[in-house]
Each structure stands twice: as C-alpha cells, then as structure tokens.
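Following: one structure in structure tokens, then a few remarks.
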Amino acid sequence: MNDSLQTRAADAPKTSDADSESSIALVIFSVAVLLLLASLDQTIVSTALPTIVADLGGLEHLSWVVTAYILSSTVAAPLYGKLGDLYGRRRMVFFSVGLFLLGSVLCGMATSMTFLIMSRGLQGLGGGGLFVLALSTIGDVVKPQDRGKFQGVFAAVFSVSSVIGPLIGGWFVQFYSWHWIFYVNLPFGLLALAGFAIGFRAHPSQIRHRIDWEGAISLTLALGSLVLITSLGGRDLAWSSPQIVSLIALTIAATAAFIYIETRAEEPVLPLGLFKENVFWVTSIIGFVAGASLFGAITFLPLYLQIAKGATPTMSGLQLIPMTAGILTSSTFSGRYMGKTGKYRILPFIGTGFLTLGMILLSTLQKDTSGVLTGIYVAFVGLGMGCIFPVVTTAVQNAVPRQLIGTATASGLMFRQVGGSLAVALFGALFAWRMGLDGALPEGTPLGPQMMAGLAPELRAQVGELVVTALHPIFRIAAAISIVGFFFAFFLREIPLMNRMVPKSE
C-alpha cells in the first residue's frame, strides 16, 4: 500500500475534454439524487409509523420496520463496495437502485405488518448500495483535489433530507396515505438511473473474478448479529437473555472467522492490507467515533424539543435547520480548502473540535433554553459534521489504489454506521434507565407528544424536566467520544491530493 500513489497514477487513463464536462455534471447530479433517495428513506418513515401501526396493527413489531432496513442495508453495504470494484459501479448502481425500488413498491402495497417488514428488508438490500456506490462513483469521475467540493454538497443533501424527510412523511400521512412515503421513491430512483445510463458509460473490458463468498457470509453474520444486538438488547430483550448472549457469541465467532478467511482469500471482500494504510485506519476510527457521537446524540434531540419544549414534530424538524446550515457552511469551506491547497489533515481537528463544543453546549440544555441558543448549539454540531464526513471520504479515496476505491469507501461508511448504531442502542438504554429512576410515569408508558397532551400541567412540567435531566449524560458522553476522534486525528498522515482526472466510466 505504500506505493498506492504510483499505482493510482499508472492506473488512471486520461479522459477527453470533449465528453468530460457535461457527462461529469450529469453523473454528479445523478449521485446527488441517489443520495437524496437513500437519506430521505431513512427519515421519511419515522413520522408515519404511528399511522402505519394503526392501519396494519402489530404494535409489538413496530421497531422491526426500522430494524429490518438497517440490518439488511448494513450487511449489504460492504458487498456492494467490493462488487462495484470487481464488476463496475455502473451495473451495480442499476442493480442496487432496481432492488431498492422493487422493495419500495412492495412496501407501498403492504397490507400486513409482516409483509411490510419483509419488504423493508428487501428495500434495505438495495439501499445498502446507494450511499456506497454513489460516493465511490465520485472517485471515478472527479480528480482528488476537487472531490471535497462535491462531498460537501452531498453532505448538505443528506442533512437537508434529514429535515424535510419527516415533513414530507407527515404531509403524506395527513393529506393522502402513508403508502406514498414509499411510492415517492420511484421518480427519484428512475431519474438517478436515467442520469447514470446517459452519463456513466460501461467499461468495455471483461475480467474474470472470484467472489469471496466465505468472507461475505462471515461478514454478514458478524454485522447482522451486531446490529441485532444493538437494536434489541436492553429494549425487546434483556442483555442477559439467551438470545442476546448467543448473538454476542455469534458476533465474536463470525468476526474471528472473517479475519481468518480474509487473510487467505484471493480477492477478499475487505482486504486486511487496507488497515496497513495510515489514512484508512485513522479515518475509519474518526468516522466510527464521529458517527457514534453524532447519530447517537442527535437521535434524542427531537425528544427534548417535543417533550421538554412542547414543539410539534414538524416544528422540531424545522428547529434542526441550523445544523443543516452548519453542515453546508463547513463542507463548502472544506471543499474549497482542499481544492486550493491539496491538503486535508487540519480539517478533522476542526471538525471534531466543533463537534465536541456542540455536544458540551447541548449538555447544558434546560427546559427554558431559548430556541436561538438551541439553534446555535446544533449549528456547532453541523459545523463539525461538515468538516469530518466529506473529508475522511475524500482522504481515503485519495490514499488507496483505484481498484479499491469502492471497497475502502464502503468500509468507511460501515464503520460510521456501526458506530452510530452502537451509540443509539447504548444511549437509548441509558436514557430509559435515567427516566425510570424518578418513577413519574408508569412503566411502559409511551413517551410522545400525544401522551404529553393528556397529562396535567404539573405532571407535564415534571416529565419535561425529567427528559432534560436524562439527556444531559448522553450529550456529555457524546462530547467525550468526540474528543477521542480529535486525539486520533493527530495520527492522520497527509497524502497531497493529486490534481488529475480518474476514469469516468466503468
């Protein structure tokens, strides 16, 4: 891996000026639509869940509507990265989006909770490739020095979708039908496919490859078990239950088997040699802790806004707009900085610093904290996010050989998602424990705006204060995790971003 710069330079054929500009612009637009599709689907469902349960029944299976998607998309993501490297990202984009749209149609047609959960699993198998293939494609069509600009735009797309997702979902539920939160994926998906079909040409060469099925299966078992542990442990199942203990044992055994298999595989799903590359392992750790800090803590902000502050679901989404503004600002700055200087090492320091500051400020929230101050606090979190996620992706794609761009990108996203999944589970258990200490609410009482509206004013104020108290340690832990990322940024080696084009097609 030490000669990766020379390898990439030798492997990168030139592209003509005649066809590069318009085709690249079309591919960039298609990637943005693809990322919007992927990120929108993660947030649009949340607002509609109560209505879906009221229509289909099966309240006890509600969490599986979310878990089924997360589980299947997490285990599929690394496979798409490798398959895209082996067989071309263009054809894998078609396969991934096609599978995602098929799952979306089946979700919209669901007439039972069981059918919906199975359809969400299928949708996740396609959705697992959307982020990976979209971000990997940037490594194929944009020179390294300019990738930061586009990665920043894509980070803003993801952030905007996280705000408008619940709004769109609520609009469909209120004025039409929850089924359309899935059907709305069709025009976006078809638009992205058309852009890729026109702007991203297939590579003419055909190379025989051997897929590492043993590694894929062991990695699937390890990640699947880990996601199930974090999704079910402490909530649906006790941590000491036989099911959770068995899943923990399976995670350890499958991980050990995966490492053993990958050391001997001809074309491994996740080449262990990548971990010898400084930029890869350092950015993986930074991505893991940033994902844990960000997703683990931000998940609970709507609880503060809706329960403690009394905001509606729509208003709570709007109050997160400063975070989107922070992401857009810092990601734009990061992209321009990398494009002008060809450097990136200082940006993770800035990002983790802002993220730490934001989490510390959030740990001071009170029931009477003004909306302006809350907006400033979440804006700092957004500033940190915009200096971390786009930057680490660009750094990794610049550090590995071209034939491993998809694999490395997928692995980075995997570490980020696993970090967020673990944090959400652990923070959720901590929040539930803290809420149970006071005993203000009967055990098993659903915590939501509807429940709060039915409480007496005194009890409503008491529950609001209890939520604030329960959230403080979560944000403090998130701040501590962010500091860990800041520490590891010192180990990051800077490889100058090369001002050259990479092939725009597979």
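How things are named: the first chain in the structure tokens is A, the next is B, and so on; residues count from 1 in each chain; ligands count from 1 in the order shown.
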
Give me, as an mmCIF file with N, CA and C atoms, in the first residue's frame, all polymer residues having an atom no more than 9 Å from Phe491 of chain A, counting only C-alpha atoms and skipping those fewer than 6 positions away in the same chain.
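Result file result05.cif:
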```cif
data_model
loop_
_atom_site.group_PDB
_atom_site.id
_atom_site.type_symbol
_atom_site.label_atom_id
_atom_site.label_comp_id
_atom_site.auth_asym_id
_atom_site.auth_seq_id
_atom_site.Cartn_x
_atom_site.Cartn_y
_atom_site.Cartn_z
ATOM 1 N N ASN A 278 -2.189 4.094 6.695
ATOM 2 C CA ASN A 278 -2.467 5.010 7.793
ATOM 3 C C ASN A 278 -3.784 5.755 7.606
ATOM 4 N N VAL A 279 -4.004 6.317 6.427
ATOM 5 C CA VAL A 279 -5.192 7.134 6.198
ATOM 6 C C VAL A 279 -6.459 6.312 6.380
ATOM 7 N N VAL A 282 -6.983 5.341 10.337
ATOM 8 C CA VAL A 282 -7.242 6.522 11.166
ATOM 9 C C VAL A 282 -8.609 7.118 10.838
#
```

Choose the residue, out of A:Leu459, A:Leu135, A:Ala194, A:Leu37, that has the smallest atom-to-atom separation from Gln123 of chain A; count only C-alpha atoms.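 Smallest separation from Gln123 of chain A among the options: A:Leu37.
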
I'd like to know which of A:Met385, A:Ile138, A:Ala325, A:Ala461 is closest to Arg402 of chain A, using only C-alpha atoms.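 So, comparing all the options, the nearest one is A:Ile138.
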
Which of segment 258-495 of chain A fall in alpha helix (DSSP H), as a PyMOL selection string: chain A and resi 258-262+278-298+301-303+313-318+321-341+346-362+371-386+389-399+405-438+449-453+457-488
